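J.: So here's model-v6.cif (mmCIF, C-alpha atoms).
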data_work
loop_
_atom_site.group_PDB
_atom_site.id
_atom_site.type_symbol
_atom_site.label_atom_id
_atom_site.label_comp_id
_atom_site.auth_asym_id
_atom_site.auth_seq_id
_atom_site.Cartn_x
_atom_site.Cartn_y
_atom_site.Cartn_z
ATOM 1 C CA MET A 154 -10.990 -34.547 18.331
ATOM 2 C CA GLY A 155 -10.261 -35.742 21.851
ATOM 3 C CA ALA A 156 -9.837 -34.018 25.208
ATOM 4 C CA PHE A 157 -9.494 -30.459 23.904
ATOM 5 C CA TYR A 158 -12.473 -28.425 22.780
ATOM 6 C CA GLY A 159 -10.677 -25.372 21.466
ATOM 7 C CA VAL A 160 -7.730 -22.997 21.409
ATOM 8 C CA PHE A 161 -7.409 -19.432 22.671
ATOM 9 C CA PHE A 162 -4.927 -17.233 20.793
ATOM 10 C CA ASP A 163 -3.308 -13.950 21.668
ATOM 11 C CA LEU A 164 -3.265 -11.569 18.677
ATOM 12 C CA GLY A 165 -0.248 -9.236 18.522
ATOM 13 C CA SER A 166 3.122 -10.988 18.068
ATOM 14 C CA THR A 167 1.251 -14.304 17.963
ATOM 15 C CA LEU A 168 -1.104 -14.275 14.974
ATOM 16 C CA LEU A 169 0.084 -10.865 13.763
ATOM 17 C CA TYR A 170 3.433 -9.079 13.690
ATOM 18 C CA PHE A 171 4.256 -5.365 13.682
ATOM 19 C CA ASP A 172 6.945 -4.002 11.356
ATOM 20 C CA GLY A 173 6.669 -0.250 11.874
ATOM 21 C CA ASP A 174 8.389 2.283 14.106
ATOM 22 C CA TRP A 175 6.251 2.804 17.206
ATOM 23 C CA GLU A 176 7.457 6.327 17.953
ATOM 24 C CA ASP A 177 6.646 7.444 14.419
ATOM 25 C CA VAL A 178 3.276 5.678 14.620
ATOM 26 C CA PHE A 179 2.478 7.365 17.923
ATOM 27 C CA THR A 180 3.338 10.795 16.524
ATOM 28 C CA ARG A 181 1.146 10.356 13.451
ATOM 29 C CA SER A 182 -1.674 8.724 15.454
ATOM 30 C CA ASP A 183 -1.830 11.618 17.914
ATOM 31 C CA GLN A 184 -1.806 14.113 15.059
ATOM 32 C CA ALA A 185 -4.676 12.216 13.417
ATOM 33 C CA VAL A 186 -6.775 12.445 16.584
ATOM 34 C CA SER A 187 -6.040 16.155 16.928
ATOM 35 C CA ALA A 188 -6.954 16.776 13.292
ATOM 36 C CA ALA A 189 -10.248 14.885 13.658
ATOM 37 C CA LEU A 190 -11.193 16.946 16.708
ATOM 38 C CA SER A 191 -10.192 20.243 15.120
ATOM 39 C CA GLU A 192 -12.198 19.490 11.985
ATOM 40 C CA ALA A 193 -15.217 18.775 14.208
ATOM 41 C CA GLY A 194 -14.944 22.220 15.786
ATOM 42 C CA CYS A 195 -12.897 21.547 18.927
ATOM 43 C CA LYS A 196 -10.790 24.625 19.640
ATOM 44 C CA LEU A 197 -7.328 23.152 20.095
ATOM 45 C CA ASP A 198 -5.333 26.021 18.554
ATOM 46 C CA SER A 199 -3.834 27.157 21.855
ATOM 47 C CA LEU A 200 -2.952 23.616 22.959
ATOM 48 C CA ASP A 201 -0.254 21.179 21.974
ATOM 49 C CA PHE A 202 -2.965 18.545 22.026
ATOM 50 C CA PRO A 203 -1.015 15.664 20.435
ATOM 51 C CA THR A 204 1.619 15.963 23.170
ATOM 52 C CA LEU A 205 -0.960 16.208 25.954
ATOM 53 C CA PHE A 206 -2.831 13.176 24.628
ATOM 54 C CA ARG A 207 0.335 11.079 24.344
ATOM 55 C CA GLN A 208 1.421 12.065 27.859
ATOM 56 C CA ARG A 209 -1.932 10.881 29.173
ATOM 57 C CA LEU A 210 -1.697 7.618 27.243
ATOM 58 C CA ARG A 211 1.853 6.961 28.457
ATOM 59 C CA ALA A 212 0.831 7.562 32.065
ATOM 60 C CA TYR A 213 -2.021 5.121 31.689
ATOM 61 C CA HIS A 214 0.145 2.512 29.958
ATOM 62 C CA ALA A 215 2.633 2.706 32.826
ATOM 63 C CA SER A 216 -0.040 1.812 35.364
ATOM 64 C CA ARG A 217 -2.464 -0.520 33.631
ATOM 65 C CA ASP A 218 -0.472 -3.717 34.120
ATOM 66 C CA GLN A 219 -0.518 -3.171 37.876
ATOM 67 C CA ASP A 220 -4.269 -3.102 38.507
ATOM 68 C CA LEU A 221 -5.081 -4.841 35.170
ATOM 69 C CA ILE A 222 -8.050 -2.534 34.616
ATOM 70 C CA GLU A 223 -8.483 -1.601 30.950
ATOM 71 C CA HIS A 224 -9.616 1.940 30.289
ATOM 72 C CA THR A 225 -10.490 2.382 26.643
ATOM 73 C CA THR A 226 -8.727 4.942 24.505
ATOM 74 C CA GLU A 227 -12.109 6.602 24.032
ATOM 75 C CA LYS A 228 -12.411 7.143 27.790
ATOM 76 C CA ILE A 229 -8.887 8.499 28.092
ATOM 77 C CA LEU A 230 -9.576 10.952 25.271
ATOM 78 C CA THR A 231 -12.950 12.160 26.589
ATOM 79 C CA ASP A 232 -11.601 12.511 30.139
ATOM 80 C CA LEU A 233 -8.737 14.654 28.854
ATOM 81 C CA LEU A 234 -11.085 16.870 26.849
ATOM 82 C CA ALA A 235 -13.260 17.369 29.935
ATOM 83 C CA GLU A 236 -10.255 18.303 32.067
ATOM 84 C CA LEU A 237 -9.228 20.861 29.467
ATOM 85 C CA GLY A 238 -12.687 22.398 29.651
ATOM 86 C CA LEU A 239 -13.563 21.511 26.067
ATOM 87 C CA PRO A 240 -17.158 20.714 25.079
ATOM 88 C CA GLU A 241 -18.294 17.090 25.072
ATOM 89 C CA ILE A 242 -17.927 15.538 21.642
ATOM 90 C CA SER A 243 -20.505 13.377 19.887
ATOM 91 C CA ASP A 244 -20.133 9.641 19.451
ATOM 92 C CA GLU A 245 -19.751 10.261 15.734
ATOM 93 C CA VAL A 246 -16.748 12.531 16.262
ATOM 94 C CA LEU A 247 -15.266 10.186 18.868
ATOM 95 C CA ASN A 248 -15.568 7.176 16.562
ATOM 96 C CA SER A 249 -14.066 9.133 13.686
ATOM 97 C CA ALA A 250 -11.101 10.170 15.850
ATOM 98 C CA MET A 251 -10.510 6.559 16.936
ATOM 99 C CA THR A 252 -10.798 5.256 13.378
ATOM 100 C CA ARG A 253 -8.257 7.757 12.118
ATOM 101 C CA MET A 254 -5.944 7.150 15.066
ATOM 102 C CA TYR A 255 -5.788 3.384 14.696
ATOM 103 C CA ALA A 256 -5.623 3.428 10.903
ATOM 104 C CA VAL A 257 -2.034 4.610 11.301
ATOM 105 C CA SER A 258 -0.827 1.537 13.211
ATOM 106 C CA GLN A 259 -3.073 -0.874 11.306
ATOM 107 C CA ALA A 260 -0.958 -0.287 8.215
ATOM 108 C CA ASP A 261 2.038 -1.840 9.997
ATOM 109 C CA TRP A 262 0.359 -4.990 11.354
ATOM 110 C CA HIS A 263 0.535 -8.118 9.191
ATOM 111 C CA ALA A 264 -0.586 -11.729 9.462
ATOM 112 C CA GLU A 265 2.136 -14.262 10.213
ATOM 113 C CA ALA A 266 2.758 -16.388 7.126
ATOM 114 C CA ASP A 267 1.539 -19.558 8.846
ATOM 115 C CA ALA A 268 -1.327 -18.011 10.832
ATOM 116 C CA LEU A 269 -4.319 -18.467 8.536
ATOM 117 C CA LYS A 270 -3.208 -21.925 7.435
ATOM 118 C CA THR A 271 -2.878 -23.029 11.074
ATOM 119 C CA LEU A 272 -6.291 -21.630 11.998
ATOM 120 C CA LYS A 273 -7.873 -23.428 9.058
ATOM 121 C CA GLU A 274 -6.151 -26.698 9.971
ATOM 122 C CA LEU A 275 -7.342 -26.498 13.561
ATOM 123 C CA ASN A 276 -10.892 -25.837 12.377
ATOM 124 C CA GLN A 277 -10.700 -28.803 10.033
ATOM 125 C CA LEU A 278 -9.601 -30.944 12.971
ATOM 126 C CA GLY A 279 -12.729 -29.859 14.807
ATOM 127 C CA TYR A 280 -11.341 -27.350 17.305
ATOM 128 C CA LYS A 281 -13.032 -24.073 18.146
ATOM 129 C CA ILE A 282 -10.849 -20.959 18.045
ATOM 130 C CA GLY A 283 -11.072 -17.759 20.070
ATOM 131 C CA VAL A 284 -8.902 -14.644 20.322
ATOM 132 C CA ILE A 285 -8.143 -13.008 23.682
ATOM 133 C CA SER A 286 -6.375 -9.689 23.175
ATOM 134 C CA ASN A 287 -5.192 -6.977 25.540
ATOM 135 C CA ALA A 288 -6.308 -3.888 23.651
ATOM 136 C CA ALA A 289 -7.739 -0.505 24.585
ATOM 137 C CA ASN A 290 -9.942 -0.321 21.485
ATOM 138 C CA HIS A 291 -12.138 -3.246 20.447
ATOM 139 C CA GLN A 292 -12.783 -1.944 16.942
ATOM 140 C CA ASP A 293 -9.044 -1.797 16.241
ATOM 141 C CA VAL A 294 -8.738 -5.505 17.020
ATOM 142 C CA SER A 295 -11.792 -6.265 14.914
ATOM 143 C CA THR A 296 -10.338 -4.350 11.973
ATOM 144 C CA LEU A 297 -6.976 -6.074 12.270
ATOM 145 C CA ILE A 298 -8.669 -9.482 12.280
ATOM 146 C CA ASP A 299 -10.669 -8.627 9.164
ATOM 147 C CA GLN A 300 -7.565 -7.178 7.515
ATOM 148 C CA ALA A 301 -5.754 -10.487 8.077
ATOM 149 C CA GLY A 302 -8.698 -12.601 6.897
ATOM 150 C CA PHE A 303 -9.022 -14.443 10.210
ATOM 151 C CA ARG A 304 -12.686 -13.825 11.014
ATOM 152 C CA PRO A 305 -14.193 -16.864 9.211
ATOM 153 C CA GLU A 306 -11.947 -19.131 11.323
ATOM 154 C CA LEU A 307 -12.837 -17.575 14.699
ATOM 155 C CA ASP A 308 -15.649 -18.457 17.058
ATOM 156 C CA PHE A 309 -15.240 -15.300 19.163
ATOM 157 C CA ILE A 310 -13.077 -12.205 19.674
ATOM 158 C CA LEU A 311 -12.580 -11.048 23.257
ATOM 159 C CA THR A 312 -10.704 -7.861 24.128
ATOM 160 C CA SER A 313 -9.819 -6.254 27.417
ATOM 161 C CA ALA A 314 -11.548 -3.126 26.079
ATOM 162 C CA LYS A 315 -14.824 -5.064 26.145
ATOM 163 C CA ASN A 316 -14.140 -7.165 29.247
ATOM 164 C CA GLY A 317 -12.725 -4.315 31.344
ATOM 165 C CA MET A 318 -9.800 -6.384 32.632
ATOM 166 C CA ARG A 319 -6.470 -7.210 31.050
ATOM 167 C CA LYS A 320 -4.637 -10.493 30.869
ATOM 168 C CA PRO A 321 -3.417 -12.067 33.164
ATOM 169 C CA SER A 322 -6.594 -11.283 35.110
ATOM 170 C CA PRO A 323 -8.610 -14.498 35.586
ATOM 171 C CA THR A 324 -11.724 -12.473 34.710
ATOM 172 C CA ILE A 325 -10.986 -12.251 31.002
ATOM 173 C CA PHE A 326 -9.954 -15.909 30.748
ATOM 174 C CA GLN A 327 -13.114 -16.968 32.575
ATOM 175 C CA GLU A 328 -15.250 -15.015 30.125
ATOM 176 C CA ALA A 329 -13.501 -16.847 27.299
ATOM 177 C CA LEU A 330 -14.234 -20.212 28.931
ATOM 178 C CA ASP A 331 -17.840 -19.194 29.515
ATOM 179 C CA ASN A 332 -18.205 -18.447 25.798
ATOM 180 C CA TRP A 333 -17.837 -22.172 25.198
ATOM 181 C CA ASN A 334 -19.220 -23.401 28.521
ATOM 182 C CA VAL A 335 -16.088 -25.507 29.027
ATOM 183 C CA GLY A 336 -13.591 -26.087 31.811
ATOM 184 C CA PRO A 337 -9.943 -24.973 31.837
ATOM 185 C CA SER A 338 -8.645 -28.471 31.043
ATOM 186 C CA GLN A 339 -10.510 -28.449 27.715
ATOM 187 C CA VAL A 340 -8.619 -25.573 26.082
ATOM 188 C CA LEU A 341 -5.122 -24.355 25.250
ATOM 189 C CA MET A 342 -3.831 -20.783 25.344
ATOM 190 C CA VAL A 343 -1.214 -19.732 22.779
ATOM 191 C CA GLY A 344 0.650 -16.451 23.246
ATOM 192 C CA ASP A 345 4.013 -14.707 23.154
ATOM 193 C CA LEU A 346 4.068 -12.980 26.563
ATOM 194 C CA LEU A 347 4.949 -14.897 29.707
ATOM 195 C CA ARG A 348 2.926 -12.912 32.229
ATOM 196 C CA PRO A 349 -0.290 -12.016 30.375
ATOM 197 C CA ASP A 350 -0.627 -15.159 28.267
ATOM 198 C CA ILE A 351 1.226 -17.973 30.012
ATOM 199 C CA PHE A 352 0.801 -17.041 33.674
ATOM 200 C CA GLY A 353 -2.737 -15.856 32.974
ATOM 201 C CA ALA A 354 -3.675 -19.238 31.528
ATOM 202 C CA LYS A 355 -1.886 -21.253 34.178
ATOM 203 C CA GLN A 356 -3.757 -19.459 36.970
ATOM 204 C CA LEU A 357 -6.929 -21.169 35.790
ATOM 205 C CA GLY A 358 -5.345 -24.483 34.843
ATOM 206 C CA ILE A 359 -5.420 -23.819 31.097
ATOM 207 C CA TYR A 360 -2.667 -25.578 29.126
ATOM 208 C CA SER A 361 -0.231 -22.829 28.108
ATOM 209 C CA VAL A 362 1.747 -22.743 24.863
ATOM 210 C CA TRP A 363 4.458 -20.108 24.506
ATOM 211 C CA ILE A 364 5.280 -19.068 20.953
ATOM 212 C CA THR A 365 8.801 -17.674 20.949
ATOM 213 C CA ARG A 366 9.581 -16.307 17.490
ATOM 214 C CA ARG A 367 8.722 -12.738 18.576
ATOM 215 C CA ALA A 368 9.081 -13.233 22.315
ATOM 216 C CA LYS A 369 12.502 -11.631 22.810
ATOM 217 C CA ASN A 370 11.677 -8.444 24.696
ATOM 218 C CA GLN A 371 12.241 -6.734 28.026
ATOM 219 C CA GLU A 372 8.878 -7.773 29.417
ATOM 220 C CA ASN A 373 9.568 -11.470 28.926
ATOM 221 C CA ALA A 374 13.129 -11.069 30.196
ATOM 222 C CA ARG A 375 11.732 -9.913 33.556
ATOM 223 C CA TYR A 376 9.865 -13.178 34.001
ATOM 224 C CA ALA A 377 12.379 -15.609 32.521
ATOM 225 C CA GLY A 378 12.830 -18.502 34.910
ATOM 226 C CA GLN A 379 9.805 -17.444 36.974
ATOM 227 C CA ILE A 380 7.002 -18.431 34.597
ATOM 228 C CA THR A 381 7.236 -21.768 32.827
ATOM 229 C CA PRO A 382 4.908 -22.630 29.933
ATOM 230 C CA ASP A 383 3.472 -26.105 29.562
ATOM 231 C CA ALA A 384 4.867 -26.227 26.020
ATOM 232 C CA THR A 385 6.964 -24.057 23.714
ATOM 233 C CA ILE A 386 6.750 -23.645 19.953
ATOM 234 C CA SER A 387 8.678 -21.376 17.611
ATOM 235 C CA ALA A 388 5.991 -21.153 14.903
ATOM 236 C CA LEU A 389 2.225 -21.531 14.693
ATOM 237 C CA SER A 390 2.639 -24.326 12.164
ATOM 238 C CA GLU A 391 3.961 -26.532 14.986
ATOM 239 C CA LEU A 392 0.728 -26.261 16.973
ATOM 240 C CA PRO A 393 -1.477 -28.896 15.276
ATOM 241 C CA GLU A 394 1.181 -31.585 15.793
ATOM 242 C CA LEU A 395 1.626 -30.554 19.426
ATOM 243 C CA ILE A 396 -2.118 -30.935 19.976
ATOM 244 C CA ARG A 397 -2.082 -34.336 18.284
ATOM 245 C CA GLN A 398 0.634 -35.452 20.652
ATOM 246 C CA LEU A 399 -1.248 -34.131 23.660
ATOM 247 C CA GLU A 400 -4.436 -35.872 22.545
ATOM 248 C CA ALA A 401 -2.462 -39.098 22.161
ATOM 249 C CA GLY A 402 -1.006 -38.684 25.624
ATOM 250 C CA ASN A 403 2.525 -37.984 24.378
ATOM 251 C CA PRO A 404 3.292 -34.309 25.174
#
What does this structure look like when you write it as C-alpha cells?
T.:
Amino acid sequence: MGAFYGVFFDLGSTLLYFDGDWEDVFTRSDQAVSAALSEAGCKLDSLDFPTLFRQRLRAYHASRDQDLIEHTTEKILTDLLAELGLPEISDEVLNSAMTRMYAVSQADWHAEADALKTLKELNQLGYKIGVISNAANHQDVSTLIDQAGFRPELDFILTSAKNGMRKPSPTIFQEALDNWNVGPSQVLMVGDLLRPDIFGAKQLGIYSVWITRRAKNQENARYAGQITPDATISALSELPELIRQLEAGNP
C-alpha cells in the first residue's frame, strides 16, 4: 500500500441497488408504521395517519438538501404524533415502528454483484474501508449492510442520522477522516451522486471517484458539467486497478 490509507464508499446505488417500486414501498411502509402504533394503543382511527406521515416526510425530503441537516425518521414521527395531540410513545414502540417500516424497503435492496469481492480485494491490499451514507435511520443502514454481508470488510459505518449533517456537508466527511486520523489526500470517496458524493469529497480535497452504472437520474443531470469527478468508473470491479494506477503515479 502506498499513498492511500483507505476508501470511503456511499451505500445506495454504489454498493447496493434498489429494484422495487418506491411509491408502492412508501405506501406499505406508512401502513406498517400506522399498524405498529395502533397495535401499541395509539388511537389513530379518526386519522388517515399513513397519508399524514407521508406528507410530513415528503415536506422534509424537499428541504433537507438545502440546509443539509438530517432529522431522523424517529424525530419526524414523534413530532407529528405530538402535533396531533397523541400520547408520547415508548422507545420500544418507536423502535418497533421503525423496524417494521424499513423492513418493507430492505426487501428490495440488493448487493451489487461485484461489491463484496471488491471490498475483500481492497482489504487484502491493505486499505481500510468506511461507508458514508445519507440516511434518516442508522439502524436501516446497519441492517442493509448485514443483509449484504459487508460488515466484516468495513472499518466503520457513518450515517447522516448519526452525524446530524448530510453529504455534501464537510462535517460528515471530516468525521469520517477523524475516524482514521488521516488527511484528505490519504483517502478516496466512491459514490454515484455528483453533489453529495463528488462535490462533498472535493470540498475537502478528497480524491473523488464517480461510479456511473446507476448514476442516470434527474439529480445528477442538474449538476452535469458543473461538478467534475477526479475519476470515473462504471463498475466497482474497476476500482482496485484505478487505485494501483494512482499509487504508481499513472492516473
J.: To one decimal in Å, tell me the separation between atom CA of Val340 of chain A and atom CA of Phe309 of chain A.
T.: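 Those two atoms sit 14.0 Å apart.
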J.: Report as a VMD selection string all protein, DNA and RNA residues lying within 9 Å of segment 385-395 of chain A, evaluated on only C-alpha atoms, omitting residues in the same chain fewer than 5 positions from it.
T.: chain A and resid 167 to 168 265 267 to 268 270 to 272 274 to 275 278 343 361 to 367 400 403 to 404
J.: Carefully work through the PyMOL selection byres ((chain A and resi 295) around 12) for this structure and note down the residues it includes, as a VMD selection string.
T.: chain A and resid 164 252 255 259 284 to 286 288 to 294 296 to 304 307 309 to 312 314 to 315
J.: If I take atom CA of Arg253 of chain A and atom CA of Ala185 of chain A, how far is one from the other in Å, to one decimal?
T.: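 Separating atom CA of Arg253 of chain A from atom CA of Ala185 of chain A is a distance of 5.9 Å.
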J.: What is the atom CA of Arg319 of chain A-atom CA of Asp218 of chain A distance in Å, reported with one decimal?
T.: 7.6 Å
J.: (-10.7, 5.4, 24.4) in this file's frame - what residues fall within 10 Å of it? Use all atoms listed in the file and give the answer as a CSV table (one decimal) with C-alpha atoms, in the frame of the given file.
T.:
chain,number,residue,atom,x,y,z
A,210,LEU,CA,-1.7,7.6,27.2
A,223,GLU,CA,-8.5,-1.6,31.0
A,224,HIS,CA,-9.6,1.9,30.3
A,225,THR,CA,-10.5,2.4,26.6
A,226,THR,CA,-8.7,4.9,24.5
A,227,GLU,CA,-12.1,6.6,24.0
A,228,LYS,CA,-12.4,7.1,27.8
A,229,ILE,CA,-8.9,8.5,28.1
A,230,LEU,CA,-9.6,11.0,25.3
A,231,THR,CA,-13.0,12.2,26.6
A,232,ASP,CA,-11.6,12.5,30.1
A,247,LEU,CA,-15.3,10.2,18.9
A,248,ASN,CA,-15.6,7.2,16.6
A,250,ALA,CA,-11.1,10.2,15.8
A,251,MET,CA,-10.5,6.6,16.9
A,289,ALA,CA,-7.7,-0.5,24.6
A,290,ASN,CA,-9.9,-0.3,21.5
A,291,HIS,CA,-12.1,-3.2,20.4
A,314,ALA,CA,-11.5,-3.1,26.1
J.: Identify which of the residues A:Leu341, A:Leu205, A:Ala212, A:Ala368 lies closest to Asp183 of chain A, counting only C-alpha atoms when measuring atom-to-atom distances.
T.: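 Of all the options, A:Leu205 lies closest to Asp183 of chain A.
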J.: Taking all atoms listed in the file into account, name the residue in A:Asn370, A:Ser187, A:Ser338, A:Asn276 that is nearest to Val246 of chain A.
T.: A:Ser187
J.: Taking 2 positions as the minimum chain separation for residues in the same chain, which residues sit within 12 Å of Gln327 of chain A when counting only C-alpha atoms? Answer as a ChimeraX atom specification.
T.: /A:161,285,311,316,318-325,329-337,340,353-354,356-359
J.: Find the residue from A:Ala377, A:Asp383, A:Gln208, A:Val160 that sits nearest to Ile351 of chain A; use only C-alpha atoms when measuring.
T.: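 So, comparing all the options, the nearest one is A:Asp383.
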J.: Between A:Pro349, A:Gly344, A:Gly378, A:Pro203, which one has atoms that come closest to Ser166 of chain A, using only C-alpha atoms?
T.: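 Going through A:Pro349, A:Gly344, A:Gly378, A:Pro203 one by one, the smallest distance to Ser166 of chain A is for A:Gly344.
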J.: With all atoms listed in the file as the atoms that count, which of A:Leu346, A:Pro305, A:Phe326, A:Gly402 lies nearest to Lys273 of chain A?
T.: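 That would be A:Pro305, the residue with the smallest distance to Lys273 of chain A.
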J.: Find, counting only C-alpha atoms, the residue in A:Gln219, A:Thr204, A:Ser249, A:Ser313 that gets nearest to Leu190 of chain A.
T.: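 Distance minimum relative to Leu190 of chain A lands on A:Ser249.
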J.: So that each row is one residue of segment 247-351 of chain A with an atom at most 10 Å from segment 174-179 of chain A, can you give its shortest atom pair and the distance in Å to one decimal, using all atoms listed in the file, rows by chain and rising number, as CSV?
T.:
residue,atom,partner,partner_atom,distance
A:Met254,CA,A:Phe179,CA,8.9
A:Tyr255,CA,A:Val178,CA,9.4
A:Ala256,CA,A:Val178,CA,9.9
A:Val257,CA,A:Val178,CA,6.4
A:Ser258,CA,A:Val178,CA,6.0
A:Gln259,CA,A:Val178,CA,9.7
A:Ala260,CA,A:Val178,CA,9.7
A:Asp261,CA,A:Asp174,CA,8.6
J.: With 5 Å added on each side, what axis-aligned box encloses every listed atom of segment 224-236 of chain A? Give the centre and edge lengths in Å to one decimal, as JSON.
T.:
{"center_x": -11.0, "center_y": 10.1, "center_z": 28.0, "size_x": 14.5, "size_y": 26.4, "size_z": 18.0}
J.: For segment 286-310 of chain A, supply N, CA and C atoms and format the output as a PDB file, keeping the file's coordinate frame.
T.:
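In the end it all went to result_15.pdb:
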ATOM      1  N   SER A 286      -7.377 -10.723  23.437  1.00  0.00           N
ATOM      2  CA  SER A 286      -6.375  -9.689  23.175  1.00  0.00           C
ATOM      3  C   SER A 286      -6.450  -8.560  24.191  1.00  0.00           C
ATOM      4  N   ASN A 287      -5.295  -8.197  24.741  1.00  0.00           N
ATOM      5  CA  ASN A 287      -5.192  -6.977  25.540  1.00  0.00           C
ATOM      6  C   ASN A 287      -5.163  -5.800  24.578  1.00  0.00           C
ATOM      7  N   ALA A 288      -6.214  -5.004  24.595  1.00  0.00           N
ATOM      8  CA  ALA A 288      -6.308  -3.888  23.651  1.00  0.00           C
ATOM      9  C   ALA A 288      -7.265  -2.851  24.202  1.00  0.00           C
ATOM     10  N   ALA A 289      -6.925  -1.593  24.047  1.00  0.00           N
ATOM     11  CA  ALA A 289      -7.739  -0.505  24.585  1.00  0.00           C
ATOM     12  C   ALA A 289      -8.826  -0.053  23.627  1.00  0.00           C
ATOM     13  N   ASN A 290      -8.907  -0.674  22.452  1.00  0.00           N
ATOM     14  CA  ASN A 290      -9.942  -0.321  21.485  1.00  0.00           C
ATOM     15  C   ASN A 290     -10.394  -1.593  20.774  1.00  0.00           C
ATOM     16  N   HIS A 291     -11.635  -1.990  21.019  1.00  0.00           N
ATOM     17  CA  HIS A 291     -12.138  -3.246  20.447  1.00  0.00           C
ATOM     18  C   HIS A 291     -12.217  -3.177  18.931  1.00  0.00           C
ATOM     19  N   GLN A 292     -12.628  -2.048  18.393  1.00  0.00           N
ATOM     20  CA  GLN A 292     -12.783  -1.944  16.942  1.00  0.00           C
ATOM     21  C   GLN A 292     -11.452  -2.094  16.228  1.00  0.00           C
ATOM     22  N   ASP A 293     -10.372  -1.625  16.841  1.00  0.00           N
ATOM     23  CA  ASP A 293      -9.044  -1.797  16.241  1.00  0.00           C
ATOM     24  C   ASP A 293      -8.732  -3.276  16.065  1.00  0.00           C
ATOM     25  N   VAL A 294      -8.975  -4.061  17.104  1.00  0.00           N
ATOM     26  CA  VAL A 294      -8.738  -5.505  17.020  1.00  0.00           C
ATOM     27  C   VAL A 294      -9.613  -6.127  15.942  1.00  0.00           C
ATOM     28  N   SER A 295     -10.871  -5.742  15.909  1.00  0.00           N
ATOM     29  CA  SER A 295     -11.792  -6.265  14.914  1.00  0.00           C
ATOM     30  C   SER A 295     -11.317  -5.963  13.495  1.00  0.00           C
ATOM     31  N   THR A 296     -10.850  -4.743  13.294  1.00  0.00           N
ATOM     32  CA  THR A 296     -10.338  -4.350  11.973  1.00  0.00           C
ATOM     33  C   THR A 296      -9.097  -5.148  11.600  1.00  0.00           C
ATOM     34  N   LEU A 297      -8.193  -5.315  12.546  1.00  0.00           N
ATOM     35  CA  LEU A 297      -6.976  -6.074  12.270  1.00  0.00           C
ATOM     36  C   LEU A 297      -7.293  -7.527  11.900  1.00  0.00           C
ATOM     37  N   ILE A 298      -8.275  -8.102  12.575  1.00  0.00           N
ATOM     38  CA  ILE A 298      -8.669  -9.482  12.280  1.00  0.00           C
ATOM     39  C   ILE A 298      -9.273  -9.584  10.880  1.00  0.00           C
ATOM     40  N   ASP A 299     -10.103  -8.631  10.516  1.00  0.00           N
ATOM     41  CA  ASP A 299     -10.669  -8.627   9.164  1.00  0.00           C
ATOM     42  C   ASP A 299      -9.583  -8.394   8.114  1.00  0.00           C
ATOM     43  N   GLN A 300      -8.669  -7.494   8.425  1.00  0.00           N
ATOM     44  CA  GLN A 300      -7.565  -7.178   7.515  1.00  0.00           C
ATOM     45  C   GLN A 300      -6.724  -8.415   7.218  1.00  0.00           C
ATOM     46  N   ALA A 301      -6.560  -9.271   8.225  1.00  0.00           N
ATOM     47  CA  ALA A 301      -5.754 -10.487   8.077  1.00  0.00           C
ATOM     48  C   ALA A 301      -6.546 -11.659   7.505  1.00  0.00           C
ATOM     49  N   GLY A 302      -7.872 -11.517   7.421  1.00  0.00           N
ATOM     50  CA  GLY A 302      -8.698 -12.601   6.897  1.00  0.00           C
ATOM     51  C   GLY A 302      -8.983 -13.705   7.883  1.00  0.00           C
ATOM     52  N   PHE A 303      -8.861 -13.406   9.185  1.00  0.00           N
ATOM     53  CA  PHE A 303      -9.022 -14.443  10.210  1.00  0.00           C
ATOM     54  C   PHE A 303     -10.477 -14.711  10.604  1.00  0.00           C
ATOM     55  N   ARG A 304     -11.361 -13.739  10.395  1.00  0.00           N
ATOM     56  CA  ARG A 304     -12.686 -13.825  11.014  1.00  0.00           C
ATOM     57  C   ARG A 304     -13.445 -15.119  10.714  1.00  0.00           C
ATOM     58  N   PRO A 305     -13.439 -15.627   9.471  1.00  0.00           N
ATOM     59  CA  PRO A 305     -14.193 -16.864   9.211  1.00  0.00           C
ATOM     60  C   PRO A 305     -13.724 -18.059  10.046  1.00  0.00           C
ATOM     61  N   GLU A 306     -12.495 -17.999  10.558  1.00  0.00           N
ATOM     62  CA  GLU A 306     -11.947 -19.131  11.323  1.00  0.00           C
ATOM     63  C   GLU A 306     -12.193 -18.990  12.819  1.00  0.00           C
ATOM     64  N   LEU A 307     -12.731 -17.854  13.263  1.00  0.00           N
ATOM     65  CA  LEU A 307     -12.837 -17.575  14.699  1.00  0.00           C
ATOM     66  C   LEU A 307     -14.260 -17.746  15.209  1.00  0.00           C
ATOM     67  N   ASP A 308     -14.360 -18.302  16.400  1.00  0.00           N
ATOM     68  CA  ASP A 308     -15.649 -18.457  17.058  1.00  0.00           C
ATOM     69  C   ASP A 308     -15.994 -17.212  17.872  1.00  0.00           C
ATOM     70  N   PHE A 309     -14.998 -16.544  18.446  1.00  0.00           N
ATOM     71  CA  PHE A 309     -15.240 -15.300  19.163  1.00  0.00           C
ATOM     72  C   PHE A 309     -13.969 -14.466  19.225  1.00  0.00           C
ATOM     73  N   ILE A 310     -14.166 -13.161  19.481  1.00  0.00           N
ATOM     74  CA  ILE A 310     -13.077 -12.205  19.674  1.00  0.00           C
ATOM     75  C   ILE A 310     -13.340 -11.502  21.000  1.00  0.00           C
TER      76      ILE A 310
END
